[in-house]
Structure formats: C-alpha cells, structure tokens
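Visitor: Following this line is entry-v4.txt, made up of compact mmCIF, C-alpha atoms:
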# COMPACT_ATOMS: atom_id res chain seq x y z
CA MET A 179 -12.58 -0.06 -38.20
CA ARG A 180 -11.33 -0.04 -34.61
CA ARG A 181 -8.48 -2.51 -34.29
CA LEU A 182 -6.86 -4.15 -31.24
CA TYR A 183 -3.41 -5.67 -31.58
CA HIS A 184 -3.24 -8.37 -28.95
CA VAL A 185 -1.70 -11.58 -27.63
CA PRO A 186 -4.41 -14.15 -26.74
CA LEU A 187 -3.02 -15.45 -23.44
CA CYS A 188 -2.02 -12.00 -22.06
CA PRO A 189 -3.86 -10.51 -19.05
CA TYR A 190 -3.43 -6.89 -20.22
CA CYS A 191 -4.81 -7.64 -23.70
CA ARG A 192 -7.70 -9.67 -22.26
CA LYS A 193 -8.57 -6.75 -19.97
CA ILE A 194 -9.01 -4.45 -22.98
CA ARG A 195 -10.94 -7.04 -25.02
CA VAL A 196 -13.47 -7.37 -22.20
CA ALA A 197 -13.63 -3.59 -21.62
CA LEU A 198 -14.32 -2.92 -25.32
CA ARG A 199 -17.15 -5.48 -25.31
CA GLU A 200 -18.62 -4.16 -22.05
CA LYS A 201 -18.75 -0.73 -23.70
CA GLN A 202 -20.30 -2.34 -26.80
CA LEU A 203 -17.59 -0.98 -29.05
CA VAL A 204 -17.08 -3.02 -32.21
CA PHE A 205 -13.47 -3.94 -33.00
CA GLU A 206 -11.29 -6.22 -35.04
CA LEU A 207 -8.66 -8.39 -33.34
CA VAL A 208 -5.18 -8.72 -34.79
CA GLU A 209 -2.90 -11.25 -33.12
CA VAL A 210 0.72 -10.15 -32.73
CA GLN A 211 3.96 -11.58 -31.37
CA PRO A 212 5.59 -8.55 -29.73
CA TRP A 213 8.70 -10.58 -28.86
CA ALA A 214 9.44 -10.87 -32.60
CA ALA A 215 10.19 -7.10 -32.52
CA GLU A 216 9.06 -6.53 -36.09
CA ASP A 217 9.63 -3.04 -37.50
CA TRP A 218 5.97 -2.34 -38.32
CA PHE A 219 4.95 -3.19 -34.75
CA LEU A 220 7.73 -1.11 -33.16
CA GLU A 221 6.57 1.80 -35.29
CA LEU A 222 3.08 1.38 -33.85
CA ASN A 223 4.40 1.03 -30.29
CA PRO A 224 8.09 1.83 -29.70
CA ALA A 225 7.83 -0.03 -26.37
CA GLY A 226 7.20 -3.20 -28.40
CA GLU A 227 4.31 -4.30 -26.19
CA ALA A 228 0.69 -5.36 -26.64
CA PRO A 229 -2.11 -4.31 -26.35
CA VAL A 230 -2.22 -1.44 -28.85
CA LEU A 231 -5.57 0.05 -29.85
CA VAL A 232 -5.99 1.88 -33.15
CA ASP A 233 -9.17 3.96 -33.19
CA GLU A 234 -9.61 5.92 -36.42
CA ASP A 235 -6.22 7.64 -36.80
CA LEU A 236 -5.36 7.48 -33.11
CA VAL A 237 -2.86 4.92 -31.77
CA ILE A 238 -3.11 4.20 -28.04
CA CYS A 239 -0.42 2.12 -26.31
CA ASP A 240 -0.43 0.57 -22.81
CA SER A 241 -3.49 -1.09 -21.28
CA ARG A 242 -4.02 1.51 -18.56
CA ALA A 243 -3.73 4.33 -21.12
CA ILE A 244 -6.22 2.49 -23.33
CA GLU A 245 -8.80 2.08 -20.57
CA GLU A 246 -8.51 5.76 -19.60
CA TYR A 247 -8.89 6.69 -23.28
CA LEU A 248 -12.02 4.53 -23.63
CA GLU A 249 -13.48 6.21 -20.55
CA GLU A 250 -12.83 9.69 -21.96
CA ALA A 251 -13.75 9.02 -25.58
CA TYR A 252 -16.81 6.87 -24.84
CA PRO A 253 -18.16 7.96 -21.46
CA GLN A 254 -21.37 5.92 -21.89
CA SER A 255 -21.56 2.83 -19.63
CA SER A 256 -18.59 4.01 -17.55
CA LEU A 257 -16.27 1.31 -16.29
CA PHE A 258 -14.79 3.53 -13.57
CA GLY A 259 -17.92 4.73 -11.77
CA GLY A 260 -19.28 8.22 -11.16
CA SER A 261 -17.92 9.84 -8.00
CA LEU A 262 -14.27 10.71 -7.43
CA GLU A 263 -14.31 8.24 -4.54
CA GLN A 264 -15.65 5.40 -6.68
CA ARG A 265 -13.14 6.17 -9.44
CA ALA A 266 -10.26 6.19 -6.94
CA GLU A 267 -11.40 2.82 -5.60
CA THR A 268 -11.64 1.36 -9.12
CA ARG A 269 -8.16 2.59 -10.01
CA ARG A 270 -6.70 1.40 -6.69
CA LEU A 271 -7.86 -2.13 -7.50
CA VAL A 272 -6.79 -1.98 -11.15
CA ALA A 273 -3.33 -1.05 -9.86
CA TRP A 274 -3.57 -3.87 -7.30
CA PHE A 275 -4.01 -6.46 -10.05
CA ASP A 276 -1.89 -4.88 -12.79
CA SER A 277 1.03 -4.14 -10.44
CA LYS A 278 0.96 -6.04 -7.14
CA PHE A 279 -0.80 -9.21 -8.32
CA ALA A 280 1.26 -9.04 -11.52
CA ARG A 281 4.54 -8.86 -9.62
CA GLU A 282 3.65 -11.47 -7.01
CA VAL A 283 1.58 -13.92 -9.09
CA SER A 284 1.32 -13.34 -12.86
CA ASP A 285 5.03 -12.66 -13.37
CA PRO A 286 6.25 -15.78 -11.51
CA LEU A 287 3.59 -18.02 -13.06
CA TRP A 288 2.51 -16.67 -16.46
CA ARG A 289 5.79 -15.02 -17.45
CA GLU A 290 7.80 -18.02 -16.33
CA LYS A 291 5.59 -20.70 -17.88
CA VAL A 292 4.25 -18.95 -20.98
CA VAL A 293 6.19 -15.82 -21.92
CA LYS A 294 9.57 -17.57 -21.55
CA ARG A 295 8.33 -20.27 -23.91
CA TRP A 296 7.20 -17.70 -26.49
CA LYS A 297 10.55 -15.97 -26.29
CA ARG A 298 12.42 -19.31 -26.29
CA ALA A 299 14.10 -18.01 -23.16
CA GLY A 300 14.48 -21.30 -21.33
CA PHE A 301 12.50 -23.18 -18.71
CA PRO A 302 10.43 -21.77 -15.84
CA SER A 303 12.30 -21.13 -12.60
CA SER A 304 10.85 -23.62 -10.13
CA GLU A 305 11.48 -21.21 -7.26
CA ALA A 306 9.47 -18.46 -8.99
CA VAL A 307 6.62 -20.88 -9.74
CA ARG A 308 6.57 -22.03 -6.11
CA LYS A 309 6.44 -18.44 -4.86
CA GLY A 310 3.66 -17.51 -7.30
CA ALA A 311 1.59 -20.52 -6.27
CA GLN A 312 1.92 -19.42 -2.65
CA ALA A 313 1.16 -15.74 -3.27
CA ILE A 314 -2.01 -16.37 -5.29
CA ARG A 315 -3.72 -17.60 -2.08
CA LEU A 316 -3.35 -14.22 -0.37
CA HIS A 317 -4.91 -12.50 -3.36
CA LEU A 318 -7.82 -14.93 -3.60
CA ALA A 319 -8.43 -14.37 0.11
CA TYR A 320 -8.51 -10.62 -0.57
CA ILE A 321 -11.10 -11.14 -3.34
CA ASP A 322 -13.11 -13.32 -0.91
CA TRP A 323 -13.04 -10.48 1.61
CA LEU A 324 -14.06 -7.79 -0.92
CA TRP A 325 -16.83 -10.05 -2.19
CA GLN A 326 -18.33 -10.43 1.30
CA GLU A 327 -18.72 -6.67 1.58
CA ARG A 328 -19.67 -5.76 -1.99
CA LYS A 329 -21.61 -6.83 -5.08
CA TRP A 330 -18.56 -6.31 -7.29
CA LEU A 331 -14.90 -5.83 -6.33
CA ALA A 332 -14.97 -2.02 -6.24
CA GLY A 333 -18.58 -1.56 -5.10
CA ASP A 334 -22.12 -1.93 -6.41
CA ARG A 335 -21.32 -2.06 -10.10
CA LEU A 336 -19.00 -3.89 -12.44
CA THR A 337 -15.86 -1.79 -13.05
CA MET A 338 -12.39 -2.05 -14.55
CA ALA A 339 -11.35 -3.54 -11.18
CA ASP A 340 -13.38 -6.71 -11.88
CA ILE A 341 -12.17 -6.79 -15.46
CA ALA A 342 -8.49 -6.44 -14.49
CA ALA A 343 -8.75 -9.10 -11.77
CA ALA A 344 -10.64 -11.54 -14.00
CA ALA A 345 -8.25 -10.99 -16.91
CA HIS A 346 -5.25 -11.99 -14.77
CA LEU A 347 -7.07 -14.91 -13.16
CA SER A 348 -8.35 -16.19 -16.51
CA VAL A 349 -4.79 -16.60 -17.75
CA LEU A 350 -3.70 -18.40 -14.59
CA ASP A 351 -6.84 -20.54 -14.69
CA TYR A 352 -5.91 -21.57 -18.25
CA LEU A 353 -2.64 -22.84 -16.76
CA GLY A 354 -4.53 -24.70 -14.00
CA ASP A 355 -2.91 -22.50 -11.35
CA VAL A 356 -5.95 -21.21 -9.43
CA PRO A 357 -6.93 -23.16 -6.28
CA TRP A 358 -10.61 -22.16 -6.53
CA GLY A 359 -11.76 -24.89 -4.12
CA GLU A 360 -10.30 -23.06 -1.14
CA PHE A 361 -11.89 -19.70 -1.92
CA GLN A 362 -15.65 -19.91 -2.36
CA GLY A 363 -16.24 -16.14 -2.54
CA ALA A 364 -13.61 -15.60 -5.22
CA ARG A 365 -15.05 -18.56 -7.12
CA ASP A 366 -18.60 -17.15 -7.00
CA TRP A 367 -17.38 -13.77 -8.19
CA TYR A 368 -15.39 -15.34 -11.04
CA ALA A 369 -18.38 -17.49 -12.07
CA LYS A 370 -20.37 -14.25 -12.42
CA MET A 371 -17.61 -12.78 -14.60
CA LYS A 372 -17.41 -15.94 -16.73
CA SER A 373 -21.11 -15.84 -17.53
CA ARG A 374 -20.94 -12.32 -19.02
CA PRO A 375 -21.15 -12.23 -22.82
CA SER A 376 -18.08 -9.93 -22.85
CA PHE A 377 -16.04 -12.72 -21.31
CA ARG A 378 -17.06 -15.62 -23.53
CA PRO A 379 -14.63 -14.91 -26.42
CA ILE A 380 -11.70 -14.90 -23.97
CA LEU A 381 -12.64 -18.35 -22.75
CA ALA A 382 -12.79 -19.64 -26.33
CA ASP A 383 -9.08 -18.88 -26.97
CA ARG A 384 -6.84 -21.90 -27.29
CA VAL A 385 -3.05 -21.75 -27.37
CA VAL A 386 -1.04 -24.37 -29.23
CA GLY A 387 0.76 -26.72 -26.88
CA ILE A 388 -1.08 -25.71 -23.69
CA THR A 389 -4.43 -27.34 -22.86
CA PRO A 390 -6.58 -25.66 -20.21
CA PRO A 391 -8.28 -27.73 -17.48
CA ALA A 392 -11.83 -28.99 -18.13
CA HIS A 393 -13.50 -26.38 -15.90
CA TYR A 394 -11.77 -23.49 -17.70
CA ASP A 395 -14.64 -22.34 -19.90
CA ASP A 396 -17.50 -23.73 -17.79
CA PRO A 397 -19.37 -20.93 -16.01
CA ASP A 398 -20.77 -23.47 -13.49
CA PHE A 399 -17.37 -24.79 -12.48
CA MET B 102 -5.07 19.69 5.06
CA ARG B 103 -4.12 17.59 2.02
CA ARG B 104 -1.54 15.01 3.08
CA LEU B 105 0.89 12.88 1.08
CA TYR B 106 2.39 9.77 2.67
CA HIS B 107 5.68 9.24 0.93
CA VAL B 108 9.17 7.76 0.88
CA PRO B 109 11.79 10.40 -0.05
CA LEU B 110 13.94 8.39 -2.46
CA CYS B 111 11.01 6.75 -4.31
CA PRO B 112 10.29 7.63 -7.97
CA TYR B 113 6.51 7.16 -7.66
CA CYS B 114 6.28 9.41 -4.58
CA ARG B 115 8.52 12.03 -6.19
CA LYS B 116 6.27 12.04 -9.25
CA ILE B 117 3.26 12.96 -7.13
CA ARG B 118 5.14 15.59 -5.09
CA VAL B 119 6.13 17.38 -8.30
CA ALA B 120 2.63 17.00 -9.81
CA LEU B 121 0.99 18.52 -6.71
CA ARG B 122 3.37 21.48 -6.83
CA GLU B 123 2.90 21.98 -10.58
CA LYS B 124 -0.85 22.17 -9.89
CA GLN B 125 -0.14 24.58 -7.02
CA LEU B 126 -1.96 22.38 -4.53
CA VAL B 127 -0.80 22.86 -0.96
CA PHE B 128 0.01 19.66 0.94
CA GLU B 129 1.74 18.28 3.97
CA LEU B 130 4.37 15.55 3.60
CA VAL B 131 4.42 12.56 5.95
CA GLU B 132 7.38 10.23 5.60
CA VAL B 133 6.53 6.53 5.91
CA GLN B 134 8.37 3.21 5.83
CA PRO B 135 5.94 0.94 3.99
CA TRP B 136 8.21 -2.08 4.49
CA ALA B 137 7.56 -1.83 8.25
CA ALA B 138 3.98 -2.96 7.45
CA GLU B 139 2.44 -1.06 10.35
CA ASP B 140 -1.27 -1.61 10.95
CA TRP B 141 -2.29 2.04 10.59
CA PHE B 142 -0.57 2.26 7.21
CA LEU B 143 -2.05 -1.03 5.94
CA GLU B 144 -5.46 0.31 6.92
CA LEU B 145 -4.79 3.37 4.76
CA ASN B 146 -3.49 1.26 1.85
CA PRO B 147 -3.98 -2.52 2.07
CA ALA B 148 -1.33 -2.89 -0.65
CA GLY B 149 1.18 -1.46 1.85
CA GLU B 150 2.72 0.89 -0.69
CA ALA B 151 3.50 4.61 -0.95
CA PRO B 152 2.46 7.12 -2.21
CA VAL B 153 -0.95 7.56 -0.60
CA LEU B 154 -2.76 10.89 -0.91
CA VAL B 155 -5.40 11.92 1.61
CA ASP B 156 -7.52 14.79 0.32
CA GLU B 157 -10.28 15.80 2.75
CA ASP B 158 -11.91 12.45 3.56
CA LEU B 159 -10.77 10.73 0.37
CA VAL B 160 -7.86 8.25 0.41
CA ILE B 161 -6.21 7.66 -2.97
CA CYS B 162 -3.65 4.85 -3.38
CA ASP B 163 -1.25 4.16 -6.28
CA SER B 164 0.64 6.90 -8.09
CA ARG B 165 -1.18 6.50 -11.41
CA ALA B 166 -4.56 6.54 -9.63
CA ILE B 167 -3.44 9.68 -7.77
CA GLU B 168 -2.40 11.54 -10.93
CA GLU B 169 -5.70 10.65 -12.65
CA TYR B 170 -7.55 11.82 -9.53
CA LEU B 171 -5.67 15.14 -9.50
CA GLU B 172 -6.54 15.64 -13.17
CA GLU B 173 -10.24 15.01 -12.52
CA ALA B 174 -10.57 16.84 -9.21
CA TYR B 175 -8.40 19.83 -10.19
CA PRO B 176 -8.62 20.19 -13.96
CA GLN B 177 -6.88 23.59 -13.90
CA SER B 178 -3.32 23.53 -15.30
CA SER B 179 -3.80 20.05 -16.75
CA LEU B 180 -0.78 17.78 -16.68
CA PHE B 181 -2.18 15.47 -19.37
CA GLY B 182 -2.98 17.92 -22.17
CA GLY B 183 -6.23 18.75 -23.92
CA SER B 184 -6.91 16.51 -26.92
CA LEU B 185 -7.48 12.76 -26.72
CA GLU B 186 -4.35 12.34 -28.82
CA GLN B 187 -2.22 14.43 -26.48
CA ARG B 188 -3.61 12.60 -23.45
CA ALA B 189 -2.88 9.21 -25.04
CA GLU B 190 0.70 10.32 -25.76
CA THR B 191 1.18 11.56 -22.18
CA ARG B 192 -0.13 8.29 -20.74
CA ARG B 193 1.95 6.20 -23.17
CA LEU B 194 5.10 7.86 -21.86
CA VAL B 195 4.04 7.71 -18.21
CA ALA B 196 3.59 3.96 -18.74
CA TRP B 197 6.96 3.86 -20.50
CA PHE B 198 8.72 5.20 -17.42
CA ASP B 199 6.56 3.67 -14.69
CA SER B 200 6.56 0.20 -16.31
CA LYS B 201 9.25 -0.34 -18.93
CA PHE B 202 11.94 1.95 -17.52
CA ALA B 203 11.01 0.73 -14.03
CA ARG B 204 11.42 -2.92 -15.01
CA GLU B 205 14.60 -2.43 -17.03
CA VAL B 206 16.36 0.30 -15.03
CA SER B 207 14.82 1.42 -11.72
CA ASP B 208 14.15 -2.09 -10.43
CA PRO B 209 17.66 -3.44 -11.10
CA LEU B 210 19.34 -0.27 -9.79
CA TRP B 211 17.12 1.47 -7.22
CA ARG B 212 15.36 -1.62 -5.86
CA GLU B 213 18.63 -3.53 -5.64
CA LYS B 214 20.73 -0.75 -4.11
CA VAL B 215 18.19 1.12 -2.00
CA VAL B 216 14.98 -0.84 -1.38
CA LYS B 217 16.86 -4.01 -0.41
CA ARG B 218 18.83 -1.97 2.12
CA TRP B 219 15.63 -0.51 3.61
CA LYS B 220 14.15 -3.97 3.89
CA ARG B 221 17.43 -5.45 5.20
CA ALA B 222 17.02 -7.96 2.38
CA GLY B 223 20.68 -8.43 1.58
CA PHE B 224 23.13 -6.98 -0.91
CA PRO B 225 22.45 -5.82 -4.49
CA SER B 226 22.75 -8.48 -7.17
CA SER B 227 25.75 -7.44 -9.25
CA GLU B 228 24.20 -8.97 -12.36
CA ALA B 229 21.03 -6.89 -11.95
CA VAL B 230 23.08 -3.73 -11.40
CA ARG B 231 25.13 -4.44 -14.53
CA LYS B 232 22.00 -4.97 -16.61
CA GLY B 233 20.36 -1.80 -15.28
CA ALA B 234 23.48 0.25 -16.04
CA GLN B 235 23.37 -1.05 -19.60
CA ALA B 236 19.63 -0.52 -20.13
CA ILE B 237 19.60 3.09 -18.92
CA ARG B 238 21.57 4.07 -22.05
CA LEU B 239 18.76 2.97 -24.39
CA HIS B 240 16.27 5.03 -22.42
CA LEU B 241 18.48 8.14 -22.35
CA ALA B 242 18.88 7.76 -26.12
CA TYR B 243 15.08 7.65 -26.42
CA ILE B 244 14.78 10.87 -24.39
CA ASP B 245 17.44 12.43 -26.64
CA TRP B 246 15.36 11.47 -29.66
CA LEU B 247 12.07 12.81 -28.24
CA TRP B 248 13.84 16.00 -27.22
CA GLN B 249 15.06 16.64 -30.77
CA GLU B 250 11.48 16.57 -32.05
CA ARG B 251 9.65 18.28 -29.20
CA LYS B 252 9.81 21.00 -26.55
CA TRP B 253 8.83 18.55 -23.82
CA LEU B 254 8.74 14.74 -23.88
CA ALA B 255 5.08 14.40 -24.91
CA GLY B 256 4.83 17.56 -27.04
CA ASP B 257 4.72 21.34 -26.64
CA ARG B 258 3.91 21.46 -22.95
CA LEU B 259 5.14 19.98 -19.71
CA THR B 260 3.05 16.90 -18.85
CA MET B 261 3.04 13.95 -16.47
CA ALA B 262 5.38 12.27 -18.98
CA ASP B 263 8.19 14.69 -18.08
CA ILE B 264 7.38 14.42 -14.40
CA ALA B 265 7.41 10.60 -14.44
CA ALA B 266 10.68 10.45 -16.40
CA ALA B 267 12.38 13.06 -14.21
CA ALA B 268 11.18 11.39 -11.00
CA HIS B 269 12.81 8.09 -11.97
CA LEU B 270 15.97 9.75 -13.24
CA SER B 271 16.30 11.93 -10.13
CA VAL B 272 16.47 8.83 -7.94
CA LEU B 273 19.07 7.18 -10.18
CA ASP B 274 21.01 10.44 -10.36
CA TYR B 275 21.11 10.52 -6.56
CA LEU B 276 22.82 7.12 -6.79
CA GLY B 277 25.29 8.44 -9.39
CA ASP B 278 23.91 6.03 -11.99
CA VAL B 279 23.07 8.37 -14.89
CA PRO B 280 25.73 8.75 -17.63
CA TRP B 281 24.58 12.26 -18.59
CA GLY B 282 27.80 13.05 -20.47
CA GLU B 283 26.89 10.74 -23.33
CA PHE B 284 23.38 12.13 -23.84
CA GLN B 285 23.34 15.87 -24.35
CA GLY B 286 19.64 16.13 -25.24
CA ALA B 287 18.50 14.18 -22.20
CA ARG B 288 20.80 16.33 -20.08
CA ASP B 289 19.37 19.58 -21.44
CA TRP B 290 15.83 18.35 -20.84
CA TYR B 291 16.67 17.29 -17.29
CA ALA B 292 18.37 20.65 -16.58
CA LYS B 293 15.08 22.33 -17.57
CA MET B 294 13.19 20.05 -15.17
CA LYS B 295 15.68 20.69 -12.36
CA SER B 296 15.24 24.44 -12.60
CA ARG B 297 11.49 24.30 -12.02
CA PRO B 298 10.39 25.41 -8.55
CA SER B 299 8.27 22.23 -8.28
CA PHE B 300 11.43 20.15 -8.51
CA ARG B 301 13.61 21.96 -5.98
CA PRO B 302 12.25 20.25 -2.82
CA ILE B 303 12.98 16.83 -4.36
CA LEU B 304 16.60 17.79 -4.89
CA ALA B 305 16.90 18.93 -1.28
CA ASP B 306 16.12 15.43 0.10
CA ARG B 307 19.02 13.65 1.73
CA VAL B 308 18.98 10.01 2.76
CA VAL B 309 21.10 8.77 5.67
CA GLY B 310 24.05 6.70 4.50
CA ILE B 311 23.84 7.58 0.79
CA THR B 312 25.51 10.75 -0.46
CA PRO B 313 24.53 12.04 -3.90
CA PRO B 314 27.17 13.21 -6.39
CA ALA B 315 28.10 16.92 -6.40
CA HIS B 316 26.11 17.72 -9.55
CA TYR B 317 22.89 16.21 -8.12
CA ASP B 318 21.14 19.42 -7.11
CA ASP B 319 22.94 21.79 -9.47
CA PRO B 320 20.64 22.89 -12.33
CA ASP B 321 23.69 23.87 -14.42
CA PHE B 322 25.35 20.49 -14.17
Turn the structure described in the file into structure tokens.

Guide:
Amino acid sequence: MRRLYHVPLCPYCRKIRVALREKQLVFELVEVQPWAAEDWFLELNPAGEAPVLVDEDLVICDSRAIEEYLEEAYPQSSLFGGSLEQRAETRRLVAWFDSKFAREVSDPLWREKVVKRWKRAGFPSSEAVRKGAQAIRLHLAYIDWLWQERKWLAGDRLTMADIAAAAHLSVLDYLGDVPWGEFQGARDWYAKMKSRPSFRPILADRVVGITPPAHYDDPDF
Amino acid sequence: MRRLYHVPLCPYCRKIRVALREKQLVFELVEVQPWAAEDWFLELNPAGEAPVLVDEDLVICDSRAIEEYLEEAYPQSSLFGGSLEQRAETRRLVAWFDSKFAREVSDPLWREKVVKRWKRAGFPSSEAVRKGAQAIRLHLAYIDWLWQERKWLAGDRLTMADIAAAAHLSVLDYLGDVPWGEFQGARDWYAKMKSRPSFRPILADRVVGITPPAHYDDPDF
C-alpha cells in the first residue's frame, strides 16, 4: 500500500495529498510529528521533514521531489502539462509558491503561529505576522492577474501550480489570514479549487486548539 | 544563443552554470542585479530572482525548474540518473542543499554577509552568523558520511546533488566560512568537484570588496 507520512496543517503535505488524488492514486495517510525527531522517522528521512511518500519499496522525500516522481512514475493525467514551455511555466509557479510565497507569507504567518506552537518554541513574532499579512496582498493580486488571463494559474489546465498555491492558501485560510474580499479573481479561482473532490479531505482536517473560520470549508464562500 | 542571467556569488546561479557545462551546452552569461528591480528583468522573471535561462524563445525561471528543464530538453548525459530510485535520491539531496542547508547555513552566512551588502540592507546579524557557522559542521559531517558509502553524494555517478552541494559550499568557501580541516571526506569530495572543468569558471569569479582565502581556487587545497 502506498503510504504518505504527513502533517495535516502543512502546505507541502497538503500539496502532495491533492496531487495523489488528482492522479487517482490510492494511498494511506500516516500523521507524523517531525519536530519530535523520532529515530524511525529520521531513518525514513534524514532531513526530519514531512511529506515522505513510500511507494512499494521506494522512499521519496521532499515535496518537489515527490511531485516530480509522481509525474515520472505515473505519467497519466499529467500535472505539469505537455510542452516544455508549459512545464517550465508550471514549475516557475510552483517555485513561486513554495519559495517566494513561503518566505514572504507562509513562513511569517504559518511558521510563526502554528509551527512554533508545535515545537513549543514560544509565541509568534508580531513583526513577522504584520509583514506576512501585508505581503499576502501582493500575492493575491498576482493570482487575480493570472486569473484574468488564464483558466488556471499556469494556463488552460489544472497543474501543480494551482495545487501548490491552493495548498499554501488553504493553511492560511484555516488561520483566518486571507483577505479574500479584496481579491475577487483569487477568490473565484480558490472556490473552483475547493469544489474539486481532491480538495475535500484537506478541508475536513481539524487541528486541536485552532478553529478555522466559518467559510473555511464552504465552496460558495 | 542560450543565455543565463546570473549573479556571480549566488549558489543557485552557480549550480546552473556548472550543470550547463556538465551537459556541454554552450551559453552566454549576463550578470544581473536582481535587487535593482529593473523593469526589463521583472518582465523576464516577475519573481525578480536569478538565475533565469533563456533558450531560444523559452524563458525558464527558478533554478530547480531550470535543472528539470535541462534534463527534459537535453536528456543526454543525465544529471539525475536513470532509475526512479536514483532520481528520487538525487532530488532528495538537491532539496537538502537548496532548502535545508540554505535555511540553516547559506541564509545566515551568505544572505547576511553578502546579499544584505548588495541590497544596502545593513550589517550582518552576529547571531545569525554564529548559528550558520555552527550548523555548517552538521552538514559537512553528513557529506563525510555519504562520501564513505558512495563515489558521489547520490551514488556511483556525479549528479545534480553534487552540483547543488558544491555550489553552496563554493560561495561559503569564498567567504572563508568552511572548516574543511575537520572534515576530510567532505574535503576530498570537494577537491574532486573543484578539479572538474565545469567548475573552473566558478572559481575564477571575483567580487569587488570581498577577497577569497588563498585556498579558494586551488584544487589541491
């Protein structure tokens, strides 16, 4: 049985959960606490990070490595697109969300508010939270702009770009940190993502001690 | 003509310069200053980051997107390896250096000492520099350990894993921040990287105002 070791409120793990479902690959979810640094988990991934995918006897670590693996091992219903140009555009936007958005928004909001709590590493830095709340507006405006030109973020079809963006935003939306009202295009795009069957299990996650806002799992928010 | 927009003392740009040379692809180098945020560069890459590769009429942004593109467009002399397992191991280690090593070592040392200077964003945080100098030892020990088991970091052949690791270490070595003396295996591996023709142009770079240590470009250091 294919097995994904994951943390529920983690954008990188959510990205792979959605990708596996979009490719209609059956898998079992195992929740882990990477910050506990248990020996069995470090043996699986010496970097001590989730997600980790175990597929038959193959162990694949790192979310971008996992999505490239899925594309090579299961080329049906590609999540990168066909042409070299389309694939470059998909990967550019995956990097946008997993690196730039992560650094400017997810790190100052999610890492400060959630990961620090998991690690019992103190309280969120209010300066970081303020900066993250400011930066998210630029990124939502960029999604608005892409959405005006395209059916999906990287072009005519759903790709890993949409999945990466929605995975990050879903975590921030759980925290009530996405000012959807100001960005109608981004909101319409995210509503389309929310209504996909691959996305429903993500929206059903609940984390002890943090309650999401009422609109969180409503596709018609 | 293939063209790479780069910053000389940047690990991600160095990674792509070496990869292009290992694949024997001819290219022209154009030095950029992404922090100047010039319009023409933001049009090329809205993220405002180097490296950017322009290959015929295709623009590819983000170093991991570029290396995946090179692998797909020019499959000869693969830098990822053949089997799914080998490719997963290569990508795991690329992620190790481009994410974990970057966060724990390159960001606190290179970003603090060099990038801040470029951006005129103040002086390095001495706490960050101290933490980076501590963390690099764990990573050199990990290279030592891989090197005992393998001919190259990800197995029997040179891959993007070696190139990513060496690109980061070359920048830190320029700053005199690598305690090679304590890690003989890592040193032997890096000497092998330094003697490759693909690596020589990197070692010839000089940056105004920062002088590398005497051993920096000596393969028999």

Visitor: Distance CA of Asp396 (chain A)-CA of Glu282 (chain A), one decimal place?

Guide: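 About the pair CA of Asp396 (chain A) and CA of Glu282 (chain A): they are 26.7 Å apart.
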
Visitor: Within 6 Å of chain B, which residues belong to chain A? Use only C-alpha atoms and report them as an NGL selection string.

Guide: :A and (238-239 or 243 or 266 or 269-270)

Visitor: For Ala345 (chain A), please output as a ChimeraX atom specification all residues within 7 Å (counting all atoms listed in the file; exclusion window: fewer than 3 positions along the same chain).

Guide: /A:189,192-193,341-342,348-349

Visitor: Looking at all atoms listed in the file, which of A:Ser261, A:Gln312, A:Ser304, A:Ser256 is the one that sits closest to Gln202 (chain A)?

Guide: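 Residue with the minimum atom-to-atom distance to Gln202 (chain A): A:Ser256.
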
Visitor: So the first atom is CA of Asp217 (chain A) and the second is CA of Ala203 (chain B); what is the distance between them in Å, to one decimal place?

Guide: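 According to the coordinates, CA of Asp217 (chain A) and CA of Ala203 (chain B) are separated by 23.8 Å.
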